[in-house]
file target_21.cif (mmCIF, C-alpha atoms)
data_upload
loop_
_atom_site.group_PDB
_atom_site.id
_atom_site.type_symbol
_atom_site.label_atom_id
_atom_site.label_comp_id
_atom_site.auth_asym_id
_atom_site.auth_seq_id
_atom_site.Cartn_x
_atom_site.Cartn_y
_atom_site.Cartn_z
ATOM 1 C CA MET A 134 77.856 89.816 80.283
ATOM 2 C CA GLY A 135 75.252 88.564 82.692
ATOM 3 C CA VAL A 136 71.980 90.332 83.281
ATOM 4 C CA GLN A 137 71.768 92.204 86.560
ATOM 5 C CA ILE A 138 68.340 93.139 87.910
ATOM 6 C CA GLY A 139 67.943 96.897 87.862
ATOM 7 C CA ALA A 140 71.075 97.462 85.753
ATOM 8 C CA LYS A 141 70.942 99.567 82.633
ATOM 9 C CA PRO A 142 71.192 97.239 79.634
ATOM 10 C CA ASP A 143 74.166 97.482 77.327
ATOM 11 C CA ALA A 144 73.668 99.665 74.274
ATOM 12 C CA GLY A 145 72.576 97.957 71.070
ATOM 13 C CA PHE A 146 73.668 98.241 67.471
ATOM 14 C CA GLU A 147 71.390 101.264 67.009
ATOM 15 C CA ASP A 148 73.735 103.099 69.417
ATOM 16 C CA PRO A 149 77.288 102.196 68.360
ATOM 17 C CA ILE A 150 78.830 105.019 70.405
ATOM 18 C CA GLY A 151 77.063 103.621 73.470
ATOM 19 C CA MET A 152 78.406 100.178 72.577
ATOM 20 C CA LEU A 153 81.948 101.564 72.550
ATOM 21 C CA LYS A 154 81.399 103.103 75.994
ATOM 22 C CA ASP A 155 79.987 99.811 77.312
ATOM 23 C CA CYS A 156 83.093 98.081 75.988
ATOM 24 C CA HIS A 157 85.236 100.593 77.873
ATOM 25 C CA ARG A 158 83.562 99.518 81.115
ATOM 26 C CA ARG A 159 84.420 95.883 80.339
ATOM 27 C CA ILE A 160 87.996 96.856 79.453
ATOM 28 C CA GLU A 161 88.308 98.597 82.821
ATOM 29 C CA GLN A 162 86.858 95.578 84.630
ATOM 30 C CA PHE A 163 89.135 93.007 82.969
ATOM 31 C CA LEU A 164 92.185 95.248 83.225
ATOM 32 C CA GLY A 165 91.426 95.656 86.919
ATOM 33 C CA ILE A 166 91.602 91.878 87.310
ATOM 34 C CA LEU A 167 94.987 91.709 85.598
ATOM 35 C CA CYS A 168 96.328 94.505 87.810
ATOM 36 C CA VAL A 169 94.962 93.219 91.122
ATOM 37 C CA VAL A 170 96.165 89.652 90.629
ATOM 38 C CA ALA A 171 99.648 90.828 89.596
ATOM 39 C CA GLU A 172 99.919 93.002 92.715
ATOM 40 C CA ARG A 173 98.350 90.688 95.299
ATOM 41 C CA ALA A 174 99.662 87.220 94.431
ATOM 42 C CA PRO A 175 103.455 87.493 94.100
ATOM 43 C CA GLY A 176 105.629 84.525 94.967
ATOM 44 C CA ARG A 177 102.888 81.927 94.962
ATOM 45 C CA ALA A 178 100.699 79.893 92.647
ATOM 46 C CA LEU A 179 97.455 81.487 91.572
ATOM 47 C CA THR A 180 94.295 80.176 93.176
ATOM 48 C CA GLY A 181 91.709 78.552 90.935
ATOM 49 C CA GLU A 182 89.606 81.700 91.099
ATOM 50 C CA GLU A 183 92.556 83.951 90.218
ATOM 51 C CA SER A 184 93.598 81.673 87.372
ATOM 52 C CA ALA A 185 90.079 81.609 85.924
ATOM 53 C CA ALA A 186 89.758 85.394 86.242
ATOM 54 C CA VAL A 187 93.109 85.997 84.520
ATOM 55 C CA GLN A 188 92.244 83.586 81.725
ATOM 56 C CA ALA A 189 88.849 85.283 81.241
ATOM 57 C CA ALA A 190 90.547 88.690 81.083
ATOM 58 C CA VAL A 191 93.149 87.523 78.577
ATOM 59 C CA THR A 192 90.423 85.948 76.431
ATOM 60 C CA TYR A 193 88.351 89.135 76.588
ATOM 61 C CA PHE A 194 91.221 91.244 75.293
ATOM 62 C CA HIS A 195 91.878 88.719 72.505
ATOM 63 C CA VAL A 196 88.272 88.810 71.338
ATOM 64 C CA GLY A 197 86.464 91.886 72.629
ATOM 65 C CA GLY A 198 89.493 94.151 72.717
ATOM 66 C CA VAL A 199 90.514 93.319 69.155
ATOM 67 C CA ARG A 200 86.926 93.769 67.953
ATOM 68 C CA HIS A 201 86.658 97.100 69.822
ATOM 69 C CA ASN A 202 89.778 98.403 68.064
ATOM 70 C CA ALA A 203 88.365 97.279 64.713
ATOM 71 C CA ASP A 204 85.066 99.019 65.507
ATOM 72 C CA GLU A 205 86.941 102.249 66.040
ATOM 73 C CA GLU A 206 89.634 101.971 63.362
ATOM 74 C CA GLU A 207 87.506 100.459 60.589
ATOM 75 C CA SER A 208 84.098 102.027 61.233
ATOM 76 C CA LEU A 209 84.184 105.172 63.391
ATOM 77 C CA PHE A 210 87.553 106.785 62.683
ATOM 78 C CA PRO A 211 87.366 106.632 58.854
ATOM 79 C CA ARG A 212 83.997 108.390 58.914
ATOM 80 C CA MET A 213 85.324 111.046 61.245
ATOM 81 C CA ARG A 214 88.305 111.582 58.947
ATOM 82 C CA ALA A 215 85.998 111.747 55.928
ATOM 83 C CA SER A 216 83.998 114.463 57.691
ATOM 84 C CA GLY A 217 87.231 116.450 58.106
ATOM 85 C CA ASP A 218 87.563 115.602 61.793
ATOM 86 C CA ALA A 219 90.840 113.715 62.317
ATOM 87 C CA GLY A 220 91.605 115.343 65.678
ATOM 88 C CA ASP A 221 93.039 112.802 68.122
ATOM 89 C CA LEU A 222 92.584 109.759 65.904
ATOM 90 C CA ASN A 223 96.244 109.118 65.039
ATOM 91 C CA LYS A 224 97.144 109.209 68.744
ATOM 92 C CA LEU A 225 94.305 106.827 69.574
ATOM 93 C CA GLU A 226 95.414 104.372 66.887
ATOM 94 C CA HIS A 227 98.959 104.588 68.248
ATOM 95 C CA ASP A 228 97.557 103.801 71.710
ATOM 96 C CA HIS A 229 95.921 100.663 70.271
ATOM 97 C CA ARG A 230 99.286 99.450 68.964
ATOM 98 C CA ASP A 231 101.054 100.260 72.242
ATOM 99 C CA ALA A 232 98.367 98.419 74.199
ATOM 100 C CA ALA A 233 98.698 95.374 71.931
ATOM 101 C CA GLY A 234 102.410 95.139 72.720
ATOM 102 C CA LEU A 235 101.807 95.470 76.450
ATOM 103 C CA HIS A 236 99.003 92.905 76.322
ATOM 104 C CA ALA A 237 101.310 90.427 74.565
ATOM 105 C CA ARG A 238 103.898 90.759 77.326
ATOM 106 C CA VAL A 239 101.303 90.561 80.120
ATOM 107 C CA GLU A 240 99.823 87.452 78.539
ATOM 108 C CA GLU A 241 103.268 85.867 78.215
ATOM 109 C CA LEU A 242 104.096 86.564 81.857
ATOM 110 C CA TYR A 243 100.758 85.235 83.098
ATOM 111 C CA ALA A 244 101.168 82.097 80.947
ATOM 112 C CA ASP A 245 104.587 81.579 82.515
ATOM 113 C CA TRP A 246 103.109 82.079 85.989
ATOM 114 C CA LEU A 247 100.337 79.559 85.330
ATOM 115 C CA ALA A 248 102.761 77.012 83.878
ATOM 116 C CA ARG A 249 105.425 77.306 86.599
ATOM 117 C CA GLY A 250 103.236 78.023 89.603
ATOM 118 C CA ALA A 251 105.071 81.255 90.462
ATOM 119 C CA LEU A 252 107.117 84.018 88.897
ATOM 120 C CA ASP A 253 110.583 85.042 90.003
ATOM 121 C CA ALA A 254 110.835 88.498 91.549
ATOM 122 C CA GLU A 255 112.117 90.133 88.348
ATOM 123 C CA LYS A 256 109.296 88.803 86.182
ATOM 124 C CA GLN A 257 106.763 89.598 88.896
ATOM 125 C CA GLN A 258 107.928 93.215 88.947
ATOM 126 C CA GLU A 259 107.817 93.332 85.146
ATOM 127 C CA LEU A 260 104.217 92.067 85.227
ATOM 128 C CA VAL A 261 103.194 94.663 87.792
ATOM 129 C CA GLU A 262 104.833 97.440 85.760
ATOM 130 C CA ALA A 263 103.263 96.223 82.498
ATOM 131 C CA THR A 264 99.775 96.098 84.012
ATOM 132 C CA LYS A 265 100.269 99.567 85.534
ATOM 133 C CA SER A 266 101.386 100.854 82.125
ATOM 134 C CA LEU A 267 98.279 99.363 80.527
ATOM 135 C CA LYS A 268 96.100 100.975 83.170
ATOM 136 C CA ARG A 269 97.668 104.404 82.590
ATOM 137 C CA LEU A 270 97.348 104.038 78.826
ATOM 138 C CA TYR A 271 93.705 102.939 78.982
ATOM 139 C CA THR A 272 92.748 105.591 81.533
ATOM 140 C CA GLU A 273 94.010 108.396 79.295
ATOM 141 C CA HIS A 274 92.768 106.742 76.103
ATOM 142 C CA ILE A 275 89.243 106.142 77.385
ATOM 143 C CA GLU A 276 88.982 109.643 78.817
ATOM 144 C CA ARG A 277 90.033 111.171 75.485
ATOM 145 C CA GLU A 278 87.526 109.071 73.579
ATOM 146 C CA GLU A 279 84.626 109.617 75.941
ATOM 147 C CA THR A 280 85.119 113.344 76.573
ATOM 148 C CA VAL A 281 86.345 114.481 73.152
ATOM 149 C CA VAL A 282 86.068 111.977 70.316
ATOM 150 C CA PHE A 283 82.719 110.298 70.947
ATOM 151 C CA PRO A 284 80.819 113.540 71.640
ATOM 152 C CA ARG A 285 82.375 115.041 68.508
ATOM 153 C CA ALA A 286 81.351 111.977 66.475
ATOM 154 C CA ALA A 287 77.801 112.221 67.797
ATOM 155 C CA ARG A 288 77.653 115.892 66.741
ATOM 156 C CA THR A 289 79.336 115.622 63.343
ATOM 157 C CA LEU A 290 78.239 112.275 61.929
ATOM 158 C CA GLY A 291 74.735 112.069 60.552
ATOM 159 C CA ALA A 292 72.099 109.510 61.469
ATOM 160 C CA ASP A 293 72.824 107.494 58.308
ATOM 161 C CA ALA A 294 76.533 107.231 59.145
ATOM 162 C CA ILE A 295 75.760 106.223 62.745
ATOM 163 C CA ALA A 296 73.307 103.569 61.507
ATOM 164 C CA GLU A 297 75.892 102.198 59.077
ATOM 165 C CA ILE A 298 78.490 102.044 61.859
ATOM 166 C CA GLY A 299 76.006 100.037 63.932
ATOM 167 C CA ARG A 300 75.443 97.628 61.030
ATOM 168 C CA GLU A 301 79.213 97.174 60.669
ATOM 169 C CA PHE A 302 79.521 96.459 64.405
ATOM 170 C CA GLN A 303 76.766 93.863 64.064
ATOM 171 C CA ALA A 304 78.442 92.222 61.054
ATOM 172 C CA ARG A 305 81.720 92.026 62.990
ATOM 173 C CA ARG A 306 79.907 90.008 65.658
ATOM 174 C CA ALA A 307 78.037 87.656 63.313
#
call {"tool": "encode", "arguments": {"input": "target_21.cif", "output": "structure tokens"}}
result
Amino acid sequence: MGVQIGAKPDAGFEDPIGMLKDCHRRIEQFLGILCVVAERAPGRALTGEESAAVQAAVTYFHVGGVRHNADEEESLFPRMRASGDAGDLNKLEHDHRDAAGLHARVEELYADWLARGALDAEKQQELVEATKSLKRLYTEHIEREETVVFPRAARTLGADAIAEIGREFQARRA
């Protein structure tokens, strides 16, 4: 993401929990784009700006969203389970799978919209409902992670485990 004067910089690999929270802000931003365009542009072709924004959002979820899930499911969650703290993790992993299915349908509908210049009323309504479902899922998911899971991880995982998680995040991005 671009640098904004006066903005707090994104967390680095030494703070993997902070990185996950930063990713949540990007998820919210890109999901917001998908929702707003679906609701505000029915029955017409997307403008160049809308098309570019939708394509950027779809690309983000393909790359950043997939990597975020891997960061949680391959690095954070196994260590929490190993420490005896499984808590909400199965539900969160289930959310990841549900979101993937919704993202696939949203992407398909937007691709159809871009190719045809407009969506029929039924597909438009399906797109709006799918983006609303994603928003509900992510809102609950992010709240659970940020108010319960991440604070618990910060309390229960030692500095060595946190450092190793950060190294795994870095390797995933190499």
call {"tool": "closest_residue", "arguments": {"input": "target_21.cif", "among": "A:Gln303, A:Glu182, A:Cys156, A:Asn223", "to": "A:Pro211", "atoms": "only C-alpha atoms"}}
result
A:Asn223
call {"tool": "resolve_selection", "arguments": {"input": "target_21.cif", "expression": "the PyMOL selection byres ((chain A and resi 218) around 12)", "output": "PyMOL selection string"}}
result
chain A and resi 209-217+219-223+281-283+285-290
call {"tool": "closest_residue", "arguments": {"input": "target_21.cif", "among": "A:Glu161, A:Asp231, A:Asp204, A:Glu172", "to": "A:Glu297", "atoms": "all atoms listed in the file"}}
result
A:Asp204
call {"tool": "resolve_selection", "arguments": {"input": "target_21.cif", "expression": "the PyMOL selection byres ((chain A and resi 166) around 12)", "output": "ChimeraX atom specification"}}
result
/A:159-165,167-174,182-191,193,261,264-265,268
call {"tool": "axis_aligned_box", "arguments": {"input": "target_21.cif", "around": "stretch 209-222 of chain A", "padding_each_side": "3 Å", "output": "JSON"}}
result
{"center_x": 88.5, "center_y": 110.8, "center_z": 62.0, "size_x": 15.0, "size_y": 17.3, "size_z": 18.2}
call {"tool": "residues_around", "arguments": {"input": "target_21.cif", "residues": "A:Ala251", "least_positions_apart": "2", "cutoff": "9 Å", "atoms": "all atoms listed in the file", "output": "number ranges by chain"}}
result
A: 174-179, 245-249, 253, 257
call {"tool": "residues_around", "arguments": {"input": "target_21.cif", "residues": "A:Ala292", "least_positions_apart": "6", "cutoff": "12 Å", "atoms": "all atoms listed in the file", "output": "list in words"}}
result
Glu147, Asp148, Pro149, Ala286, Ile298 and Gly299 of chain A
call {"tool": "write_last_selection", "arguments": {"input": "target_21.cif", "atoms": "C-alpha atoms", "output": "mmCIF file, keeping the file's coordinate frame"}}
result
data_model
loop_
_atom_site.group_PDB
_atom_site.id
_atom_site.type_symbol
_atom_site.label_atom_id
_atom_site.label_comp_id
_atom_site.auth_asym_id
_atom_site.auth_seq_id
_atom_site.Cartn_x
_atom_site.Cartn_y
_atom_site.Cartn_z
ATOM 1 C CA GLU A 147 71.390 101.264 67.009
ATOM 2 C CA ASP A 148 73.735 103.099 69.417
ATOM 3 C CA PRO A 149 77.288 102.196 68.360
ATOM 4 C CA ALA A 286 81.351 111.977 66.475
ATOM 5 C CA ILE A 298 78.490 102.044 61.859
ATOM 6 C CA GLY A 299 76.006 100.037 63.932
#
call {"tool": "resolve_selection", "arguments": {"input": "target_21.cif", "expression": "the PyMOL selection byres ((chain A and resi 232) around 12)", "output": "mmCIF file with C-alpha atoms, keeping the file's coordinate frame"}}
result
data_model
loop_
_atom_site.group_PDB
_atom_site.id
_atom_site.type_symbol
_atom_site.label_atom_id
_atom_site.label_comp_id
_atom_site.auth_asym_id
_atom_site.auth_seq_id
_atom_site.Cartn_x
_atom_site.Cartn_y
_atom_site.Cartn_z
ATOM 1 C CA ILE A 160 87.996 96.856 79.453
ATOM 2 C CA LEU A 164 92.185 95.248 83.225
ATOM 3 C CA PHE A 194 91.221 91.244 75.293
ATOM 4 C CA HIS A 195 91.878 88.719 72.505
ATOM 5 C CA GLY A 198 89.493 94.151 72.717
ATOM 6 C CA VAL A 199 90.514 93.319 69.155
ATOM 7 C CA ASN A 202 89.778 98.403 68.064
ATOM 8 C CA LEU A 225 94.305 106.827 69.574
ATOM 9 C CA GLU A 226 95.414 104.372 66.887
ATOM 10 C CA HIS A 227 98.959 104.588 68.248
ATOM 11 C CA ASP A 228 97.557 103.801 71.710
ATOM 12 C CA HIS A 229 95.921 100.663 70.271
ATOM 13 C CA ARG A 230 99.286 99.450 68.964
ATOM 14 C CA ASP A 231 101.054 100.260 72.242
ATOM 15 C CA ALA A 233 98.698 95.374 71.931
ATOM 16 C CA GLY A 234 102.410 95.139 72.720
ATOM 17 C CA LEU A 235 101.807 95.470 76.450
ATOM 18 C CA HIS A 236 99.003 92.905 76.322
ATOM 19 C CA ALA A 237 101.310 90.427 74.565
ATOM 20 C CA ARG A 238 103.898 90.759 77.326
ATOM 21 C CA VAL A 239 101.303 90.561 80.120
ATOM 22 C CA GLU A 240 99.823 87.452 78.539
ATOM 23 C CA ALA A 263 103.263 96.223 82.498
ATOM 24 C CA THR A 264 99.775 96.098 84.012
ATOM 25 C CA LYS A 265 100.269 99.567 85.534
ATOM 26 C CA SER A 266 101.386 100.854 82.125
ATOM 27 C CA LEU A 267 98.279 99.363 80.527
ATOM 28 C CA LYS A 268 96.100 100.975 83.170
ATOM 29 C CA ARG A 269 97.668 104.404 82.590
ATOM 30 C CA LEU A 270 97.348 104.038 78.826
ATOM 31 C CA TYR A 271 93.705 102.939 78.982
ATOM 32 C CA THR A 272 92.748 105.591 81.533
ATOM 33 C CA HIS A 274 92.768 106.742 76.103
#
call {"tool": "closest_residue", "arguments": {"input": "target_21.cif", "among": "A:Thr192, A:Ala294, A:Gly151, A:Glu206", "to": "A:Lys224", "atoms": "only C-alpha atoms"}}
result
A:Glu206
call {"tool": "atom_distance", "arguments": {"input": "target_21.cif", "atom1": "atom CA of A:Gly291", "atom2": "atom CA of A:Ala307"}}
result
24.8 Å
call {"tool": "atom_distance", "arguments": {"input": "target_21.cif", "atom1": "atom CA of A:Lys154", "atom2": "atom CA of A:Ile275"}}
result
8.5 Å
call {"tool": "atom_distance", "arguments": {"input": "target_21.cif", "atom1": "atom CA of A:Phe302", "atom2": "atom CA of A:His157"}}
result
15.2 Å
call {"tool": "closest_residue", "arguments": {"input": "target_21.cif", "among": "A:Glu278, A:Pro284, A:Asp293, A:Leu260", "to": "A:Ala244", "atoms": "all atoms listed in the file"}}
result
A:Leu260
call {"tool": "closest_residue", "arguments": {"input": "target_21.cif", "among": "A:Gln258, A:Glu241, A:Leu153, A:Thr180", "to": "A:Arg200", "atoms": "all atoms listed in the file"}}
result
A:Leu153
call {"tool": "build_atoms", "arguments": {"input": "target_21.cif", "residues": "stretch 199-220 of chain A", "atoms": "N, CA and C atoms", "output": "PDB file, in the coordinates of the input"}}
result
ATOM      1  N   VAL A 199      90.162  93.248  70.579  1.00  0.00           N
ATOM      2  CA  VAL A 199      90.514  93.319  69.155  1.00  0.00           C
ATOM      3  C   VAL A 199      89.320  93.839  68.350  1.00  0.00           C
ATOM      4  N   ARG A 200      88.134  93.329  68.662  1.00  0.00           N
ATOM      5  CA  ARG A 200      86.926  93.769  67.953  1.00  0.00           C
ATOM      6  C   ARG A 200      86.652  95.246  68.231  1.00  0.00           C
ATOM      7  N   HIS A 201      86.863  95.692  69.464  1.00  0.00           N
ATOM      8  CA  HIS A 201      86.658  97.100  69.822  1.00  0.00           C
ATOM      9  C   HIS A 201      87.575  97.997  68.982  1.00  0.00           C
ATOM     10  N   ASN A 202      88.848  97.618  68.883  1.00  0.00           N
ATOM     11  CA  ASN A 202      89.778  98.403  68.064  1.00  0.00           C
ATOM     12  C   ASN A 202      89.324  98.442  66.613  1.00  0.00           C
ATOM     13  N   ALA A 203      88.863  97.311  66.088  1.00  0.00           N
ATOM     14  CA  ALA A 203      88.365  97.279  64.713  1.00  0.00           C
ATOM     15  C   ALA A 203      87.136  98.171  64.564  1.00  0.00           C
ATOM     16  N   ASP A 204      86.249  98.152  65.556  1.00  0.00           N
ATOM     17  CA  ASP A 204      85.066  99.019  65.507  1.00  0.00           C
ATOM     18  C   ASP A 204      85.482 100.482  65.364  1.00  0.00           C
ATOM     19  N   GLU A 205      86.490 100.862  66.117  1.00  0.00           N
ATOM     20  CA  GLU A 205      86.941 102.249  66.040  1.00  0.00           C
ATOM     21  C   GLU A 205      87.717 102.521  64.759  1.00  0.00           C
ATOM     22  N   GLU A 206      88.711 101.693  64.467  1.00  0.00           N
ATOM     23  CA  GLU A 206      89.634 101.971  63.362  1.00  0.00           C
ATOM     24  C   GLU A 206      89.051 101.690  61.986  1.00  0.00           C
ATOM     25  N   GLU A 207      88.075 100.803  61.893  1.00  0.00           N
ATOM     26  CA  GLU A 207      87.506 100.459  60.589  1.00  0.00           C
ATOM     27  C   GLU A 207      86.144 101.083  60.342  1.00  0.00           C
ATOM     28  N   SER A 208      85.453 101.488  61.399  1.00  0.00           N
ATOM     29  CA  SER A 208      84.098 102.027  61.233  1.00  0.00           C
ATOM     30  C   SER A 208      83.981 103.487  61.651  1.00  0.00           C
ATOM     31  N   LEU A 209      84.373 103.808  62.883  1.00  0.00           N
ATOM     32  CA  LEU A 209      84.184 105.172  63.391  1.00  0.00           C
ATOM     33  C   LEU A 209      85.227 106.147  62.858  1.00  0.00           C
ATOM     34  N   PHE A 210      86.501 105.829  63.029  1.00  0.00           N
ATOM     35  CA  PHE A 210      87.553 106.785  62.683  1.00  0.00           C
ATOM     36  C   PHE A 210      87.553 107.168  61.198  1.00  0.00           C
ATOM     37  N   PRO A 211      87.382 106.222  60.271  1.00  0.00           N
ATOM     38  CA  PRO A 211      87.366 106.632  58.854  1.00  0.00           C
ATOM     39  C   PRO A 211      86.247 107.625  58.531  1.00  0.00           C
ATOM     40  N   ARG A 212      85.102 107.453  59.160  1.00  0.00           N
ATOM     41  CA  ARG A 212      83.997 108.390  58.914  1.00  0.00           C
ATOM     42  C   ARG A 212      84.295 109.760  59.515  1.00  0.00           C
ATOM     43  N   MET A 213      84.953 109.762  60.654  1.00  0.00           N
ATOM     44  CA  MET A 213      85.324 111.046  61.245  1.00  0.00           C
ATOM     45  C   MET A 213      86.349 111.747  60.358  1.00  0.00           C
ATOM     46  N   ARG A 214      87.309 110.984  59.852  1.00  0.00           N
ATOM     47  CA  ARG A 214      88.305 111.582  58.947  1.00  0.00           C
ATOM     48  C   ARG A 214      87.631 112.103  57.678  1.00  0.00           C
ATOM     49  N   ALA A 215      86.704 111.343  57.144  1.00  0.00           N
ATOM     50  CA  ALA A 215      85.998 111.747  55.928  1.00  0.00           C
ATOM     51  C   ALA A 215      85.194 113.028  56.147  1.00  0.00           C
ATOM     52  N   SER A 216      84.753 113.244  57.384  1.00  0.00           N
ATOM     53  CA  SER A 216      83.998 114.463  57.691  1.00  0.00           C
ATOM     54  C   SER A 216      84.926 115.640  57.982  1.00  0.00           C
ATOM     55  N   GLY A 217      86.260 115.395  57.856  1.00  0.00           N
ATOM     56  CA  GLY A 217      87.231 116.450  58.106  1.00  0.00           C
ATOM     57  C   GLY A 217      87.624 116.572  59.560  1.00  0.00           C
ATOM     58  N   ASP A 218      87.333 115.546  60.355  1.00  0.00           N
ATOM     59  CA  ASP A 218      87.563 115.602  61.793  1.00  0.00           C
ATOM     60  C   ASP A 218      88.539 114.509  62.214  1.00  0.00           C
ATOM     61  N   ALA A 219      89.835 114.718  61.963  1.00  0.00           N
ATOM     62  CA  ALA A 219      90.840 113.715  62.317  1.00  0.00           C
ATOM     63  C   ALA A 219      91.295 113.865  63.762  1.00  0.00           C
ATOM     64  N   GLY A 220      91.291 115.070  64.283  1.00  0.00           N
ATOM     65  CA  GLY A 220      91.605 115.343  65.678  1.00  0.00           C
ATOM     66  C   GLY A 220      92.627 114.431  66.324  1.00  0.00           C
TER      67      GLY A 220
END
